[in-house]
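What's in work.tsv: TSV, C-alpha atoms
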```tsv
chain	number	residue	atom	x	y	z
A	863	MET	CA	0.00	0.00	0.00
A	864	THR	CA	0.94	3.64	-0.40
A	865	VAL	CA	0.56	6.04	2.51
A	866	ALA	CA	0.69	9.77	1.79
A	867	ILE	CA	1.27	12.12	4.73
A	868	LEU	CA	0.29	15.75	4.29
A	869	ALA	CA	3.00	17.82	5.97
A	870	GLY	CA	3.04	21.10	4.11
A	871	GLY	CA	0.57	23.17	6.11
A	872	GLN	CA	1.48	26.55	7.56
A	873	SER	CA	0.43	25.59	11.13
A	874	VAL	CA	-0.94	29.10	11.66
A	875	ARG	CA	-3.06	28.23	14.69
A	876	MET	CA	-0.24	26.25	16.32
A	877	GLY	CA	2.29	29.03	15.80
A	878	GLN	CA	5.03	26.55	14.89
A	879	ASP	CA	5.48	23.64	12.50
A	880	LYS	CA	3.18	20.89	13.79
A	881	ALA	CA	5.08	18.20	11.91
A	882	LEU	CA	8.19	18.94	13.98
A	883	LEU	CA	6.57	18.89	17.41
A	884	PRO	CA	8.50	16.47	19.66
A	885	LEU	CA	6.85	13.40	21.14
A	886	ASP	CA	8.79	10.70	22.98
A	887	GLY	CA	12.09	11.46	21.28
A	888	GLU	CA	10.82	11.87	17.73
A	889	THR	CA	8.85	14.44	15.81
A	890	LEU	CA	5.18	13.95	14.95
A	891	LEU	CA	6.17	13.51	11.31
A	892	GLU	CA	8.80	10.90	12.15
A	893	ARG	CA	6.25	9.09	14.29
A	894	THR	CA	3.62	9.12	11.55
A	895	ILE	CA	6.12	7.72	9.05
A	896	ARG	CA	7.10	5.00	11.54
A	897	MET	CA	3.44	4.07	12.11
A	898	ALA	CA	2.88	3.79	8.34
A	899	ILE	CA	5.91	1.54	7.90
A	900	GLU	CA	4.93	-0.63	10.87
A	901	ALA	CA	1.46	-0.95	9.34
A	902	GLY	CA	3.02	-2.43	6.20
A	903	ALA	CA	3.23	0.48	3.76
A	904	GLU	CA	5.57	-0.29	0.87
A	905	THR	CA	5.65	3.38	-0.13
A	906	VAL	CA	5.44	6.38	2.23
A	907	LEU	CA	5.11	9.80	0.61
A	908	VAL	CA	5.59	13.00	2.60
A	909	ILE	CA	3.78	15.73	0.71
A	910	GLY	CA	4.58	19.41	0.86
A	911	ARG	CA	8.13	19.65	2.18
A	912	GLU	CA	11.77	19.02	1.39
A	913	ARG	CA	13.67	16.12	2.92
A	914	PRO	CA	15.40	17.32	6.13
A	915	ALA	CA	19.08	18.20	5.82
A	916	ASP	CA	20.05	15.40	8.20
A	917	ASP	CA	18.31	12.90	5.90
A	918	ASP	CA	15.88	11.83	8.58
A	919	PRO	CA	13.39	10.31	8.81
A	920	ALA	CA	14.41	7.30	6.76
A	921	GLY	CA	11.95	5.24	4.76
A	922	ALA	CA	9.98	8.04	3.11
A	923	ILE	CA	9.93	9.88	-0.20
A	924	PHE	CA	9.64	13.66	0.22
A	925	LEU	CA	7.65	15.58	-2.41
A	926	PRO	CA	7.79	19.37	-1.98
A	927	ASP	CA	4.97	21.45	-3.42
A	928	ALA	CA	5.22	22.22	-7.11
A	929	PRO	CA	5.14	25.99	-7.75
A	930	ALA	CA	1.63	25.75	-9.21
A	931	ASP	CA	0.37	23.92	-6.12
A	932	ALA	CA	1.95	26.11	-3.44
A	933	GLY	CA	-0.71	27.44	-1.11
A	934	GLN	CA	-3.43	25.32	-2.69
A	935	GLY	CA	-4.02	23.30	0.48
A	936	PRO	CA	-4.70	19.61	1.12
A	937	LEU	CA	-6.44	19.03	-2.22
A	938	ALA	CA	-3.23	19.91	-4.08
A	939	GLY	CA	-1.38	17.60	-1.71
A	940	LEU	CA	-3.77	14.79	-2.59
A	941	ALA	CA	-3.22	15.48	-6.30
A	942	ALA	CA	0.56	15.24	-5.87
A	943	ALA	CA	0.22	12.03	-3.86
A	944	LEU	CA	-2.01	10.33	-6.44
A	945	GLU	CA	0.34	11.27	-9.25
A	946	ALA	CA	3.37	9.87	-7.42
A	947	ALA	CA	1.81	6.76	-5.90
A	948	PRO	CA	2.80	3.45	-7.52
A	949	THR	CA	-0.43	1.80	-6.34
A	950	ASP	CA	-4.05	2.34	-7.35
A	951	ARG	CA	-5.14	3.18	-3.80
A	952	THR	CA	-3.48	5.76	-1.54
A	953	LEU	CA	-4.12	6.19	2.16
A	954	LEU	CA	-4.13	9.90	3.01
A	955	LEU	CA	-3.07	10.93	6.51
A	956	ALA	CA	-2.46	14.17	8.36
A	957	CYS	CA	0.91	14.59	10.07
A	958	ASP	CA	-0.51	15.95	13.33
A	959	MET	CA	-2.22	12.95	14.94
A	960	PRO	CA	-0.24	12.15	18.11
A	961	CYS	CA	-2.35	9.08	18.93
A	962	LEU	CA	-2.19	7.46	15.50
A	963	THR	CA	-1.38	3.74	15.63
A	964	ALA	CA	-0.20	1.18	13.12
A	965	GLU	CA	-3.32	-0.83	13.94
A	966	ALA	CA	-5.56	2.04	12.84
A	967	ILE	CA	-3.66	2.39	9.56
A	968	ARG	CA	-3.91	-1.36	8.93
A	969	TRP	CA	-7.67	-1.15	9.48
A	970	LEU	CA	-7.92	1.69	6.98
A	971	ALA	CA	-5.87	-0.26	4.42
A	972	SER	CA	-8.14	-3.28	4.84
A	973	LEU	CA	-11.31	-1.45	3.79
A	974	PRO	CA	-12.71	-3.04	0.64
A	975	SER	CA	-13.62	-0.99	-2.40
A	976	ASP	CA	-16.80	-1.53	-4.39
A	977	ASP	CA	-18.42	-0.25	-7.58
A	978	SER	CA	-20.10	2.64	-5.79
A	979	GLY	CA	-16.76	3.79	-4.41
A	980	ALA	CA	-14.83	4.22	-7.63
A	981	HIS	CA	-13.03	7.25	-6.20
A	982	GLY	CA	-12.19	5.75	-2.82
A	983	THR	CA	-13.41	5.04	0.69
A	984	VAL	CA	-14.02	7.79	3.23
A	985	THR	CA	-14.20	7.23	6.96
A	986	VAL	CA	-16.96	8.95	8.89
A	987	GLY	CA	-16.61	10.06	12.51
A	988	ALA	CA	-19.07	9.75	15.37
A	989	ASP	CA	-20.48	13.18	14.46
A	990	GLY	CA	-21.39	11.97	10.99
A	991	GLU	CA	-18.75	14.13	9.33
A	992	PRO	CA	-16.23	12.70	6.85
A	993	GLU	CA	-12.59	12.34	7.89
A	994	PRO	CA	-10.83	13.15	4.60
A	995	LEU	CA	-7.35	13.00	6.17
A	996	PHE	CA	-7.90	9.41	7.28
A	997	SER	CA	-9.36	7.94	4.10
A	998	VAL	CA	-8.45	6.00	0.96
A	999	TYR	CA	-8.33	7.58	-2.51
A	1000	SER	CA	-8.23	5.81	-5.85
A	1001	ARG	CA	-6.15	6.89	-8.83
A	1002	ALA	CA	-9.46	7.24	-10.69
A	1003	VAL	CA	-10.28	10.43	-8.76
A	1004	ARG	CA	-7.28	12.35	-10.20
A	1005	PRO	CA	-9.21	14.07	-13.05
A	1006	LEU	CA	-11.87	15.31	-10.62
A	1007	VAL	CA	-9.19	16.57	-8.21
A	1008	ARG	CA	-7.41	18.51	-10.95
A	1009	GLU	CA	-10.70	19.87	-12.30
A	1010	ARG	CA	-11.65	21.21	-8.89
A	1011	LEU	CA	-8.20	22.71	-8.32
A	1012	ALA	CA	-8.34	24.48	-11.69
A	1013	SER	CA	-11.68	26.04	-10.78
A	1014	GLY	CA	-10.52	27.17	-7.34
A	1015	ARG	CA	-12.61	24.63	-5.42
A	1016	ARG	CA	-10.03	23.35	-2.95
A	1017	SER	CA	-12.18	21.67	-0.30
A	1018	LEU	CA	-11.51	18.00	0.36
A	1019	LYS	CA	-15.03	17.67	1.76
A	1020	GLY	CA	-16.36	19.20	-1.44
A	1021	LEU	CA	-14.45	16.59	-3.42
A	1022	ILE	CA	-16.01	13.84	-1.33
A	1023	GLU	CA	-19.50	15.28	-1.79
A	1024	THR	CA	-19.17	15.39	-5.58
A	1025	GLY	CA	-17.18	12.20	-6.11
A	1026	ALA	CA	-18.09	8.51	-6.04
A	1027	PHE	CA	-16.94	7.48	-2.58
A	1028	THR	CA	-17.95	4.69	-0.25
A	1029	SER	CA	-18.50	5.80	3.35
A	1030	VAL	CA	-17.44	3.64	6.30
A	1031	ALA	CA	-18.06	4.45	9.95
A	1032	LEU	CA	-14.90	4.85	11.97
A	1033	PRO	CA	-14.88	2.22	14.75
A	1034	GLU	CA	-14.97	3.61	18.26
A	1035	ALA	CA	-11.63	1.94	18.98
A	1036	PHE	CA	-9.91	4.22	16.44
A	1037	ARG	CA	-11.62	7.54	17.17
A	1038	THR	CA	-8.85	8.65	19.50
A	1039	ALA	CA	-6.20	7.59	16.98
A	1040	ILE	CA	-7.17	10.27	14.48
A	1041	VAL	CA	-7.59	13.22	16.85
A	1042	ASN	CA	-5.30	16.03	15.76
A	1043	ALA	CA	-3.81	18.98	17.63
A	1044	ASN	CA	-4.23	22.34	15.92
A	1045	THR	CA	-3.46	24.80	18.71
A	1046	PRO	CA	-0.90	25.00	21.54
A	1047	GLU	CA	-3.73	24.39	24.00
A	1048	GLU	CA	-4.84	21.21	22.22
A	1049	TRP	CA	-1.24	20.03	22.04
A	1050	GLN	CA	-0.62	20.61	25.75
A	1051	ALA	CA	-3.89	18.88	26.60
A	1052	ALA	CA	-2.83	15.87	24.53
A	1053	LEU	CA	0.50	15.71	26.35
A	1054	ARG	CA	-1.13	16.04	29.79
A	1055	GLN	CA	-3.91	13.56	29.28
A	1056	ARG	CA	-1.94	10.94	27.35
A	1057	ARG	CA	-5.16	9.15	26.59
A	1058	CYS	CA	-3.62	7.46	23.59
A	1059	PRO	CA	-1.39	4.36	23.48
A	1060	VAL	CA	1.87	5.85	22.22
A	1061	GLN	CA	3.82	3.18	20.32
```
For this file, produce the structure as structure tokens.
Amino acid sequence: MTVAILAGGQSVRMGQDKALLPLDGETLLERTIRMAIEAGAETVLVIGRERPADDDPAGAIFLPDAPADAGQGPLAGLAAALEAAPTDRTLLLACDMPCLTAEAIRWLASLPSDDSGAHGTVTVGADGEPEPLFSVYSRAVRPLVRERLASGRRSLKGLIETGAFTSVALPEAFRTAIVNANTPEEWQAALRQRRCPVQ
């Protein structure tokens, strides 16, 4: 499987690069890459940034934003991932989920595709909202992604609403795994509570 990790955001609300936040001796990005590899990913793509100067973390291909895609958000990141992925299906993840586990990624990879989900499989949270940064996208959705980018429609949720996706409820056991930290307060709360099984 191919796992694509979106790591090119500006982290405006956090005030610093979320991908580089330290957790148990590694950055969040390093941890996410490690979880993907432990889950069995043959290819791990890090979208939106250059490889670090010290050549860490190992085991991932770094794809910085193309000039045309700079500032275009997660949808442009998905487009880059689908174009680079050697497999038909790509698992899209955010880089700021401190409780993400290899088990959760394996579950996501195991989701079957069907005729109604030609563009992929989207997980749905307890609130009924899609989780586009913990979902599976098919290569077949590339033309729709590029069409929406060209017209300035950059919403991943908008893509899901217009595309042919299968929806799957996120099991309660994995709801904590995909919680992300967007602000310093959320990050500090995550560190204090440690409600997640850090691997």
Once you count all atoms listed in the file, what closest atom pair and distance in Å to one decimal does each residue of region 920-950 of chain A within 12 Å of region 988-1008 of chain A have, with rows by chain and rising residue number, as CSV?
```
residue,atom,partner,partner_atom,distance
A:Ala930,CA,A:Arg1008,CA,11.7
A:Asp931,CA,A:Arg1008,CA,10.6
A:Gln934,CA,A:Arg1008,CA,11.4
A:Pro936,CA,A:Leu995,CA,8.7
A:Leu937,CA,A:Val1007,CA,7.0
A:Ala938,CA,A:Val1007,CA,8.0
A:Gly939,CA,A:Val1007,CA,10.2
A:Leu940,CA,A:Val1007,CA,8.0
A:Ala941,CA,A:Val1007,CA,6.4
A:Ala942,CA,A:Arg1004,CA,9.4
A:Ala943,CA,A:Arg1001,CA,9.6
A:Leu944,CA,A:Arg1001,CA,5.9
A:Glu945,CA,A:Arg1004,CA,7.8
A:Ala946,CA,A:Arg1001,CA,10.1
A:Ala947,CA,A:Arg1001,CA,8.5
A:Pro948,CA,A:Arg1001,CA,9.7
A:Thr949,CA,A:Arg1001,CA,8.1
A:Asp950,CA,A:Arg1001,CA,5.2
```
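Across A:Leu955, A:Gly935, A:Thr889, A:Ile899, the tightest approach to Arg1016 (chain A) is made by A:Gly935 when counting all atoms listed in the file.
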Taking (5.0, -1.4, 16.0) in the coordinates of the supplied file, I want to know which residues reach to within 10 Å of it, counting only C-alpha atoms; could you give the answer as a PyMOL selection string? chain A and resi 896-901+963-965+1061
So what do you get for CA of Pro884 (chain A) versus CA of Ala866 (chain A), distance-wise? 20.6 Å
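Distance annotation: of A:Thr983, A:Thr1038, A:Gln1050, A:Gln878, the residue with the minimal separation from Arg951 (chain A) is A:Thr983; atom set is only C-alpha atoms.
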Mind giving me the axis-aligned box for region 993-1008 of chain A with 8 Å on every side, centre plus edges in Å to one decimal, as AutoDock Vina command-line options?
```
--center_x -9.4 --center_y 12.2 --center_z -2.6 --size_x 22.4 --size_y 28.7 --size_z 36.9
```
In the coordinate frame of the file, compute which residues have an atom within 9 Å of (5.5, 11.4, 10.9) when using only C-alpha atoms, and state them as number ranges by chain. A: 867, 869, 881-882, 888-898, 908, 919, 956-959
File dump, residues just selected, C-alpha atoms, as an mmCIF file, in the frame of the given file:
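The resulting file, part_31.cif, is reproduced below:
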```cif
data_model
loop_
_atom_site.group_PDB
_atom_site.id
_atom_site.type_symbol
_atom_site.label_atom_id
_atom_site.label_comp_id
_atom_site.auth_asym_id
_atom_site.auth_seq_id
_atom_site.Cartn_x
_atom_site.Cartn_y
_atom_site.Cartn_z
ATOM 1 C CA ILE A 867 1.270 12.120 4.730
ATOM 2 C CA ALA A 869 3.000 17.820 5.970
ATOM 3 C CA ALA A 881 5.080 18.200 11.910
ATOM 4 C CA LEU A 882 8.190 18.940 13.980
ATOM 5 C CA GLU A 888 10.820 11.870 17.730
ATOM 6 C CA THR A 889 8.850 14.440 15.810
ATOM 7 C CA LEU A 890 5.180 13.950 14.950
ATOM 8 C CA LEU A 891 6.170 13.510 11.310
ATOM 9 C CA GLU A 892 8.800 10.900 12.150
ATOM 10 C CA ARG A 893 6.250 9.090 14.290
ATOM 11 C CA THR A 894 3.620 9.120 11.550
ATOM 12 C CA ILE A 895 6.120 7.720 9.050
ATOM 13 C CA ARG A 896 7.100 5.000 11.540
ATOM 14 C CA MET A 897 3.440 4.070 12.110
ATOM 15 C CA ALA A 898 2.880 3.790 8.340
ATOM 16 C CA VAL A 908 5.590 13.000 2.600
ATOM 17 C CA PRO A 919 13.390 10.310 8.810
ATOM 18 C CA ALA A 956 -2.460 14.170 8.360
ATOM 19 C CA CYS A 957 0.910 14.590 10.070
ATOM 20 C CA ASP A 958 -0.510 15.950 13.330
ATOM 21 C CA MET A 959 -2.220 12.950 14.940
#
```
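Compared by their closest atoms to Gly1025 (chain A), and using all atoms listed in the file, the residues A:Ser972, A:Ser978, A:Thr952, A:Thr905 rank with A:Ser978 nearest.
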List the spatial neighbours of Ala1039 (chain A) as a PyMOL selection string - criterion: any atom at most 8 Å away, all atoms listed in the file, same-chain residues fewer than 4 positions off excluded. chain A and resi 959-963+966+1058
Resulting file, chosen residues, C-alpha atoms, as a short mmCIF file (atom, residue, chain, number, x, y, z; two decimals), in the coordinates of the input:
```cif
data_model
loop_
_atom_site.label_atom_id
_atom_site.label_comp_id
_atom_site.auth_asym_id
_atom_site.auth_seq_id
_atom_site.Cartn_x
_atom_site.Cartn_y
_atom_site.Cartn_z
CA MET A 959 -2.22 12.95 14.94
CA PRO A 960 -0.24 12.15 18.11
CA CYS A 961 -2.35 9.08 18.93
CA LEU A 962 -2.19 7.46 15.50
CA THR A 963 -1.38 3.74 15.63
CA ALA A 966 -5.56 2.04 12.84
CA CYS A 1058 -3.62 7.46 23.59
#
```
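A straight line drawn from CA of Ala903 (chain A) to CA of Gly1020 (chain A) is 27.6 Å long.
In this model, the gap between CA of Val865 (chain A) and CA of Gly979 (chain A) comes to 18.8 Å.
Comparing the minimum interatomic distances between Leu1021 (chain A) and each of A:Arg1037, A:Ala1051, A:His981, A:Trp969, counting all atoms listed in the file, we find that A:His981 sits nearest.
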Output requested as a short mmCIF file (atom, residue, chain, number, x, y, z; two decimals), in the coordinates of the input - region 901-926 of chain A, filled out with N, CA and C atoms.
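Output contents, as saved in out.cif:
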```cif
data_model
loop_
_atom_site.label_atom_id
_atom_site.label_comp_id
_atom_site.auth_asym_id
_atom_site.auth_seq_id
_atom_site.Cartn_x
_atom_site.Cartn_y
_atom_site.Cartn_z
N ALA A 901 2.74 -0.43 9.82
CA ALA A 901 1.46 -0.95 9.34
C ALA A 901 1.61 -1.75 8.06
N GLY A 902 2.78 -1.65 7.40
CA GLY A 902 3.02 -2.43 6.20
C GLY A 902 3.08 -1.65 4.91
N ALA A 903 3.17 -0.32 4.99
CA ALA A 903 3.23 0.48 3.76
C ALA A 903 4.52 0.21 3.00
N GLU A 904 4.39 -0.11 1.71
CA GLU A 904 5.57 -0.29 0.87
C GLU A 904 6.13 1.06 0.45
N THR A 905 5.25 2.04 0.28
CA THR A 905 5.65 3.38 -0.13
C THR A 905 5.06 4.40 0.84
N VAL A 906 5.90 5.29 1.38
CA VAL A 906 5.44 6.38 2.23
C VAL A 906 5.85 7.69 1.57
N LEU A 907 4.87 8.51 1.24
CA LEU A 907 5.11 9.80 0.61
C LEU A 907 4.85 10.90 1.62
N VAL A 908 5.79 11.81 1.76
CA VAL A 908 5.59 13.00 2.60
C VAL A 908 5.38 14.17 1.65
N ILE A 909 4.20 14.73 1.69
CA ILE A 909 3.78 15.73 0.71
C ILE A 909 3.94 17.14 1.28
N GLY A 910 4.58 18.00 0.51
CA GLY A 910 4.58 19.41 0.86
C GLY A 910 5.82 19.94 1.52
N ARG A 911 6.90 19.14 1.57
CA ARG A 911 8.13 19.65 2.18
C ARG A 911 9.35 18.93 1.63
N GLU A 912 10.49 19.60 1.78
CA GLU A 912 11.77 19.02 1.39
C GLU A 912 12.22 18.00 2.42
N ARG A 913 13.06 17.05 1.98
CA ARG A 913 13.67 16.12 2.92
C ARG A 913 14.57 16.91 3.87
N PRO A 914 14.54 16.60 5.18
CA PRO A 914 15.40 17.32 6.13
C PRO A 914 16.88 17.18 5.77
N ALA A 915 17.65 18.18 6.16
CA ALA A 915 19.08 18.20 5.82
C ALA A 915 19.82 17.02 6.41
N ASP A 916 19.36 16.52 7.57
CA ASP A 916 20.05 15.40 8.20
C ASP A 916 19.60 14.05 7.65
N ASP A 917 18.76 14.11 6.59
CA ASP A 917 18.31 12.90 5.90
C ASP A 917 17.43 12.01 6.75
N ASP A 918 16.86 12.56 7.79
CA ASP A 918 15.88 11.83 8.58
C ASP A 918 14.51 12.46 8.30
N PRO A 919 13.44 11.72 8.46
CA PRO A 919 13.39 10.31 8.81
C PRO A 919 13.58 9.40 7.59
N ALA A 920 14.17 8.26 7.83
CA ALA A 920 14.41 7.30 6.76
C ALA A 920 13.10 6.61 6.37
N GLY A 921 13.09 6.06 5.18
CA GLY A 921 11.95 5.24 4.76
C GLY A 921 10.84 5.99 4.08
N ALA A 922 11.04 7.27 3.75
CA ALA A 922 9.98 8.04 3.11
C ALA A 922 10.51 8.81 1.91
N ILE A 923 9.63 9.06 0.97
CA ILE A 923 9.93 9.88 -0.20
C ILE A 923 9.31 11.25 0.03
N PHE A 924 10.12 12.30 -0.03
CA PHE A 924 9.64 13.66 0.22
C PHE A 924 9.32 14.34 -1.11
N LEU A 925 8.11 14.91 -1.20
CA LEU A 925 7.65 15.58 -2.41
C LEU A 925 7.26 17.01 -2.07
N PRO A 926 8.16 17.97 -2.25
CA PRO A 926 7.79 19.37 -1.98
C PRO A 926 6.73 19.85 -2.95
#
```
